[in-house]
Every structure is written in structure tokens, then in C-alpha cells.
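A.B. asks: Got a structure for you, written out below as C-alpha cells; questions coming shortly.
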Amino acid sequence: VQLVESGGGLVQAGDSLRISCAASGRTFSGYRMGWFRQAPGKERVVVATISWSGGSTYYADSVKGRFTISRDNAKNSVSLQMNSLKPEDTAVYYCAARWTGYRDTYDRGASSEYPYWGQGTQVTVST
């Protein structure tokens with residue numbers, strides 16, 4: 001599966017932004033999808049993940065209540081709605097995928113379990 005992110009940009013603290021990821025391939029719905037981010041000088045960390053059906057989601061504590069992950073299997077896409085953005089949300093955001101089949105499996109948000117990655121989109125939140 002090939003992944004292409006879009007929608008990043010420069011926003012002010014408190015603003016909202018929606019980033020999206022378009023996936024190729026006919027079996028998109030069998031993949032668990034995730035958003036990860038990497039700030040300068042820091043490791044890549046999980047932001048949120050979603051199962052094939054959308055019935056199982058995982059959020060990092062730092063974004064719970066502010067970010068929402070969603071997917072549209074008919075359009076082969078996954079999105080991340082980010083509200084109440086903070087300067088510490090500044091990072092390159094990556095879309096990732098791992099095959100799980102049509103199961104709502106448990107996910108611990110480990111980047112090492114995701115073999116497919118997009119090129120990333122920059123999100124910058126100014127004060």
C-alpha cells in the first residue's frame with residue numbers, strides 16, 4: 001500500500017487543522033491505519049490509530065479530547081482532525097499502515113509494527 005499525506009500547514013495556537021492520507025490498493029480496508037509524528041530532535045511517536053472498521057481507536061494521552069482519527073474505506077482515506085492545537089503539536093505527521101485483516105485488533109501504537117509509511121506532512125503551530 002502506498003500512502004500520501006496532505007493538509008499540513010502553519011496555524012496559530014488554538015486553531016484547528018485537518019490532515020488526510022490517501023492510500024492506494026484494493027485492500028485498504030484490511031489495514032489498521034495510524035498517524036505518528038516526529039518533532040525536531042525527537043523520536044517518532046504515535047498520535048492515533050484506527051482499526052479497519054473504525055470500531056477500535058487508540059490515542060496518545062497528549063491528544064485525547066483534541067484530536068479525532070477517522071477513515072473512509074470507500075475512498076481509501078484516513079484523516080486526523082486536530083482541534084485546540086498547541087505549539088507542542090508542531091511536528092512532521094506521518095500516515096502509516098499495517099495489515100490486520102478484517103479484525104478490530106488491539107493496538108499499542110508501536111511504530112515498529114507499521115511497515116508502510118507516507119512521506120509526511122509538516123504541521124506548525126505558532127504562539
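Labeling convention for the C-alpha cells: chains A, B, ... as they appear, residues from 1 per chain, ligands from 1 in order of appearance.
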Pick out the residues sitting within 7 Å of Arg37 of chain A, and hand them over as an mmCIF file with N, CA, C and O atoms, in the first residue's frame; count only C-alpha atoms, and ignore anything fewer than 4 positions along from it in its own chain.
C.D. replies:
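Below you can see part.cif, which holds the result:
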data_model
loop_
_atom_site.group_PDB
_atom_site.id
_atom_site.type_symbol
_atom_site.label_atom_id
_atom_site.label_comp_id
_atom_site.auth_asym_id
_atom_site.auth_seq_id
_atom_site.Cartn_x
_atom_site.Cartn_y
_atom_site.Cartn_z
ATOM 1 N N ARG A 44 10.000 9.476 16.687
ATOM 2 C CA ARG A 44 8.659 9.396 16.115
ATOM 3 C C ARG A 44 7.743 8.700 17.130
ATOM 4 O O ARG A 44 8.078 7.650 17.656
ATOM 5 N N VAL A 45 6.602 9.299 17.383
ATOM 6 C CA VAL A 45 5.677 8.750 18.368
ATOM 7 C C VAL A 45 4.271 8.646 17.786
ATOM 8 O O VAL A 45 3.917 9.357 16.846
ATOM 9 N N VAL A 46 3.486 7.781 18.376
ATOM 10 C CA VAL A 46 2.125 7.586 17.913
ATOM 11 C C VAL A 46 1.250 8.773 18.312
ATOM 12 O O VAL A 46 1.435 9.374 19.373
ATOM 13 N N VAL A 47 0.310 9.098 17.433
ATOM 14 C CA VAL A 47 -0.704 10.106 17.736
ATOM 15 C C VAL A 47 -2.050 9.411 17.904
ATOM 16 O O VAL A 47 -2.722 9.568 18.917
ATOM 17 N N ALA A 91 5.169 19.324 14.393
ATOM 18 C CA ALA A 91 5.912 18.119 14.023
ATOM 19 C C ALA A 91 5.619 17.782 12.564
ATOM 20 O O ALA A 91 4.724 18.374 11.943
ATOM 21 N N VAL A 92 6.368 16.832 12.061
ATOM 22 C CA VAL A 92 6.005 16.199 10.796
ATOM 23 C C VAL A 92 5.074 15.037 11.143
ATOM 24 O O VAL A 92 5.409 14.197 11.979
ATOM 25 N N TYR A 93 3.919 15.019 10.498
ATOM 26 C CA TYR A 93 2.928 13.988 10.755
ATOM 27 C C TYR A 93 2.967 12.945 9.637
ATOM 28 O O TYR A 93 2.910 13.294 8.448
ATOM 29 N N TYR A 94 3.064 11.691 10.051
ATOM 30 C CA TYR A 94 3.171 10.587 9.116
ATOM 31 C C TYR A 94 1.941 9.686 9.205
ATOM 32 O O TYR A 94 1.481 9.356 10.305
#
A.B. asks: When you count only C-alpha atoms, which of these residues is closest to Asn83 of chain A: A:Ala110, A:Ile69, A:Cys95, A:Leu3?
C.D. replies: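 That would be A:Ile69, the residue with the smallest distance to Asn83 of chain A.
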A.B. asks: So that I can check the surroundings of Arg18 of chain A, please list as a PyMOL selection string every protein, DNA and RNA residue that reaches within 6 Å of it, counting only C-alpha atoms and ignoring chain neighbours fewer than 2 positions away.
C.D. replies: chain A and resi 80-82
A.B. asks: Enumerate the residues of chain A with a DSSP assignment of strand (DSSP E or B), computed from the backbone, and present them as a ChimeraX atom specification.
C.D. replies: /A:3-6,9-12,17-23,31-38,45-50,57-59,67-72,77-82,91-99,116-117,121-126
A.B. asks: Looking at A:Val4, A:Ala22, A:Val78, A:Leu85, which one is nearest to Lys64 of chain A, with distances taken over only C-alpha atoms?
C.D. replies: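 The closest residue to Lys64 of chain A is A:Leu85.
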A.B. asks: Could you give me, as a VMD selection string, each residue of segment 2-127 of chain A that DSSP assigns to helix (DSSP H, G or I) when run on this structure's backbone?
C.D. replies: chain A and resid 28 to 30 73 to 75 87 to 89 111 to 113
A.B. asks: Take the selection from the previous step and output its residues with all heavy atoms, as a compact mmCIF listing (two decimals), in the first residue's frame.
C.D. replies:
# COMPACT_ATOMS: atom_id res chain seq x y z
N PHE A 28 -7.41 -1.72 1.10
CA PHE A 28 -7.18 -0.70 2.13
C PHE A 28 -7.94 -1.02 3.40
O PHE A 28 -7.44 -0.82 4.51
CB PHE A 28 -7.61 0.66 1.58
CG PHE A 28 -7.65 1.74 2.63
CD1 PHE A 28 -6.49 2.35 3.07
CD2 PHE A 28 -8.85 2.16 3.18
CE1 PHE A 28 -6.51 3.34 4.03
CE2 PHE A 28 -8.90 3.16 4.14
CZ PHE A 28 -7.72 3.75 4.56
N SER A 29 -9.16 -1.51 3.26
CA SER A 29 -9.99 -1.71 4.44
C SER A 29 -9.45 -2.78 5.38
O SER A 29 -9.87 -2.88 6.52
CB SER A 29 -11.43 -2.05 4.02
OG SER A 29 -11.46 -3.21 3.22
N GLY A 30 -8.50 -3.59 4.91
CA GLY A 30 -7.92 -4.63 5.76
C GLY A 30 -6.73 -4.14 6.57
O GLY A 30 -6.11 -4.92 7.30
N ASN A 73 -13.35 3.91 4.11
CA ASN A 73 -12.84 2.79 3.34
C ASN A 73 -13.28 2.86 1.87
O ASN A 73 -12.57 2.35 0.99
CB ASN A 73 -13.29 1.47 3.95
CG ASN A 73 -12.57 1.17 5.26
OD1 ASN A 73 -11.48 1.68 5.51
ND2 ASN A 73 -13.20 0.37 6.11
N ALA A 74 -14.40 3.47 1.60
CA ALA A 74 -14.85 3.61 0.21
C ALA A 74 -13.94 4.55 -0.57
O ALA A 74 -13.83 4.43 -1.80
CB ALA A 74 -16.28 4.11 0.18
N LYS A 75 -13.30 5.48 0.14
CA LYS A 75 -12.43 6.46 -0.52
C LYS A 75 -10.95 6.18 -0.25
O LYS A 75 -10.10 6.98 -0.64
CB LYS A 75 -12.77 7.87 -0.05
CG LYS A 75 -14.17 8.32 -0.44
CD LYS A 75 -14.44 9.75 0.00
CE LYS A 75 -15.83 10.20 -0.43
NZ LYS A 75 -16.11 11.61 -0.01
N PRO A 87 1.49 24.72 20.47
CA PRO A 87 2.83 24.74 19.85
C PRO A 87 3.55 23.40 19.95
O PRO A 87 4.30 23.04 19.02
CB PRO A 87 3.55 25.83 20.64
CG PRO A 87 2.46 26.74 21.08
CD PRO A 87 1.29 25.85 21.38
N GLU A 88 3.31 22.65 21.00
CA GLU A 88 3.97 21.36 21.15
C GLU A 88 3.44 20.29 20.19
O GLU A 88 3.97 19.19 20.13
CB GLU A 88 3.89 20.85 22.59
CG GLU A 88 2.50 20.86 23.20
CD GLU A 88 2.23 22.12 24.02
OE1 GLU A 88 2.59 23.24 23.56
OE2 GLU A 88 1.63 21.98 25.11
N ASP A 89 2.39 20.61 19.45
CA ASP A 89 1.91 19.71 18.41
C ASP A 89 2.70 19.87 17.11
O ASP A 89 2.49 19.10 16.16
CB ASP A 89 0.43 19.97 18.12
CG ASP A 89 -0.48 19.63 19.28
OD1 ASP A 89 -0.26 18.58 19.92
OD2 ASP A 89 -1.40 20.42 19.55
N SER A 111 5.34 2.09 16.51
CA SER A 111 5.68 2.39 15.12
C SER A 111 6.37 1.22 14.44
O SER A 111 6.25 1.05 13.22
CB SER A 111 6.56 3.64 15.05
OG SER A 111 7.77 3.44 15.75
N SER A 112 7.07 0.39 15.21
CA SER A 112 7.79 -0.74 14.63
C SER A 112 6.85 -1.78 14.03
O SER A 112 7.27 -2.62 13.23
CB SER A 112 8.67 -1.39 15.68
OG SER A 112 7.88 -1.84 16.77
N GLU A 113 5.59 -1.73 14.38
CA GLU A 113 4.61 -2.69 13.88
C GLU A 113 3.96 -2.22 12.58
O GLU A 113 3.13 -2.93 12.02
CB GLU A 113 3.55 -2.95 14.95
CG GLU A 113 4.12 -3.64 16.18
CD GLU A 113 3.06 -3.91 17.24
OE1 GLU A 113 1.91 -3.45 17.07
OE2 GLU A 113 3.39 -4.59 18.22
A.B. asks: Find the residues near segment 102-108 of chain A: any atom within 8 Å, counting only C-alpha atoms, skip ones fewer than 5 places away on the same chain, and give them as a compact mmCIF listing (two decimals) with all heavy atoms, in the first residue's frame.
C.D. replies:
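What ended up in around.txt:
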# COMPACT_ATOMS: atom_id res chain seq x y z
N SER A 29 -9.16 -1.51 3.26
CA SER A 29 -9.99 -1.71 4.44
C SER A 29 -9.45 -2.78 5.38
O SER A 29 -9.87 -2.88 6.52
CB SER A 29 -11.43 -2.05 4.02
OG SER A 29 -11.46 -3.21 3.22
N GLY A 30 -8.50 -3.59 4.91
CA GLY A 30 -7.92 -4.63 5.76
C GLY A 30 -6.73 -4.14 6.57
O GLY A 30 -6.11 -4.92 7.30
N TYR A 31 -6.41 -2.88 6.48
CA TYR A 31 -5.27 -2.31 7.18
C TYR A 31 -5.72 -1.49 8.38
O TYR A 31 -6.67 -0.72 8.30
CB TYR A 31 -4.46 -1.39 6.28
CG TYR A 31 -3.66 -2.11 5.22
CD1 TYR A 31 -4.24 -2.48 4.01
CD2 TYR A 31 -2.31 -2.40 5.43
CE1 TYR A 31 -3.51 -3.14 3.05
CE2 TYR A 31 -1.57 -3.05 4.46
CZ TYR A 31 -2.18 -3.42 3.26
OH TYR A 31 -1.44 -4.06 2.31
N THR A 49 -4.45 5.75 16.21
CA THR A 49 -4.61 4.67 15.25
C THR A 49 -6.07 4.24 15.21
O THR A 49 -6.83 4.48 16.16
CB THR A 49 -3.73 3.45 15.57
OG1 THR A 49 -4.23 2.78 16.72
CG2 THR A 49 -2.27 3.85 15.78
N SER A 51 -8.80 0.99 13.66
CA SER A 51 -8.95 -0.34 13.07
C SER A 51 -9.68 -0.27 11.73
O SER A 51 -10.20 0.78 11.34
CB SER A 51 -9.71 -1.25 14.03
OG SER A 51 -11.05 -0.77 14.18
N TRP A 52 -9.76 -1.40 11.07
CA TRP A 52 -10.33 -1.44 9.73
C TRP A 52 -11.77 -0.94 9.71
O TRP A 52 -12.19 -0.28 8.76
CB TRP A 52 -10.27 -2.87 9.18
CG TRP A 52 -11.33 -3.76 9.74
CD1 TRP A 52 -11.33 -4.41 10.94
CD2 TRP A 52 -12.58 -4.08 9.12
NE1 TRP A 52 -12.49 -5.12 11.11
CE2 TRP A 52 -13.27 -4.93 10.00
CE3 TRP A 52 -13.17 -3.74 7.90
CZ2 TRP A 52 -14.53 -5.43 9.70
CZ3 TRP A 52 -14.42 -4.24 7.60
CH2 TRP A 52 -15.09 -5.08 8.50
N SER A 53 -12.52 -1.24 10.76
CA SER A 53 -13.92 -0.86 10.78
C SER A 53 -14.15 0.51 11.44
O SER A 53 -15.25 1.04 11.39
CB SER A 53 -14.72 -1.89 11.56
OG SER A 53 -14.39 -1.84 12.93
N GLY A 55 -14.01 0.69 14.58
CA GLY A 55 -14.55 0.33 15.87
C GLY A 55 -13.54 0.34 17.00
O GLY A 55 -13.91 0.31 18.18
N SER A 56 -12.29 0.35 16.66
CA SER A 56 -11.23 0.39 17.67
C SER A 56 -10.28 1.52 17.34
O SER A 56 -9.73 1.59 16.24
CB SER A 56 -10.48 -0.94 17.67
OG SER A 56 -9.29 -0.85 18.43
N TYR A 58 -7.10 4.22 19.07
CA TYR A 58 -6.09 4.42 20.11
C TYR A 58 -5.59 5.85 19.98
O TYR A 58 -5.31 6.32 18.87
CB TYR A 58 -4.93 3.44 19.92
CG TYR A 58 -3.76 3.66 20.84
CD1 TYR A 58 -3.68 2.99 22.05
CD2 TYR A 58 -2.75 4.55 20.51
CE1 TYR A 58 -2.62 3.19 22.91
CE2 TYR A 58 -1.69 4.76 21.36
CZ TYR A 58 -1.62 4.07 22.56
OH TYR A 58 -0.57 4.29 23.40
A.B. asks: Need to verify the contact set: Arg98 of chain A, 7 Å, only C-alpha atoms, exclusion of same-chain residues closer than 2 positions in sequence. Can you return it as a list of chain:residue names?
C.D. replies: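 The filter keeps A:Tyr31, A:Arg32, A:Met33, A:Thr100, A:Glu113, A:Tyr114, A:Pro115, A:Tyr116.
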A.B. asks: Write the selection just made, keeping N, CA and C atoms, as a PDB file, in the first residue's frame?
C.D. replies:
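again.pdb written:
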ATOM      1  N   TYR A  31      -6.413  -2.878   6.476  1.00  0.00           N
ATOM      2  CA  TYR A  31      -5.269  -2.310   7.183  1.00  0.00           C
ATOM      3  C   TYR A  31      -5.719  -1.493   8.385  1.00  0.00           C
ATOM      4  N   ARG A  32      -5.011  -1.649   9.477  1.00  0.00           N
ATOM      5  CA  ARG A  32      -5.142  -0.692  10.564  1.00  0.00           C
ATOM      6  C   ARG A  32      -4.293   0.506  10.159  1.00  0.00           C
ATOM      7  N   MET A  33      -4.833   1.701  10.360  1.00  0.00           N
ATOM      8  CA  MET A  33      -4.152   2.924   9.957  1.00  0.00           C
ATOM      9  C   MET A  33      -3.757   3.740  11.178  1.00  0.00           C
ATOM     10  N   THR A 100      -4.001  -6.095   9.191  1.00  0.00           N
ATOM     11  CA  THR A 100      -4.584  -6.860  10.290  1.00  0.00           C
ATOM     12  C   THR A 100      -5.703  -7.767   9.807  1.00  0.00           C
ATOM     13  N   GLU A 113       5.591  -1.733  14.381  1.00  0.00           N
ATOM     14  CA  GLU A 113       4.615  -2.688  13.876  1.00  0.00           C
ATOM     15  C   GLU A 113       3.962  -2.217  12.581  1.00  0.00           C
ATOM     16  N   TYR A 114       4.318  -1.027  12.130  1.00  0.00           N
ATOM     17  CA  TYR A 114       3.745  -0.459  10.919  1.00  0.00           C
ATOM     18  C   TYR A 114       4.790  -0.443   9.810  1.00  0.00           C
ATOM     19  N   PRO A 115       4.637  -1.282   8.811  1.00  0.00           N
ATOM     20  CA  PRO A 115       5.643  -1.364   7.754  1.00  0.00           C
ATOM     21  C   PRO A 115       5.475  -0.357   6.605  1.00  0.00           C
ATOM     22  N   TYR A 116       4.306   0.256   6.513  1.00  0.00           N
ATOM     23  CA  TYR A 116       4.048   1.153   5.386  1.00  0.00           C
ATOM     24  C   TYR A 116       3.898   2.582   5.898  1.00  0.00           C
TER      25      TYR A 116
END
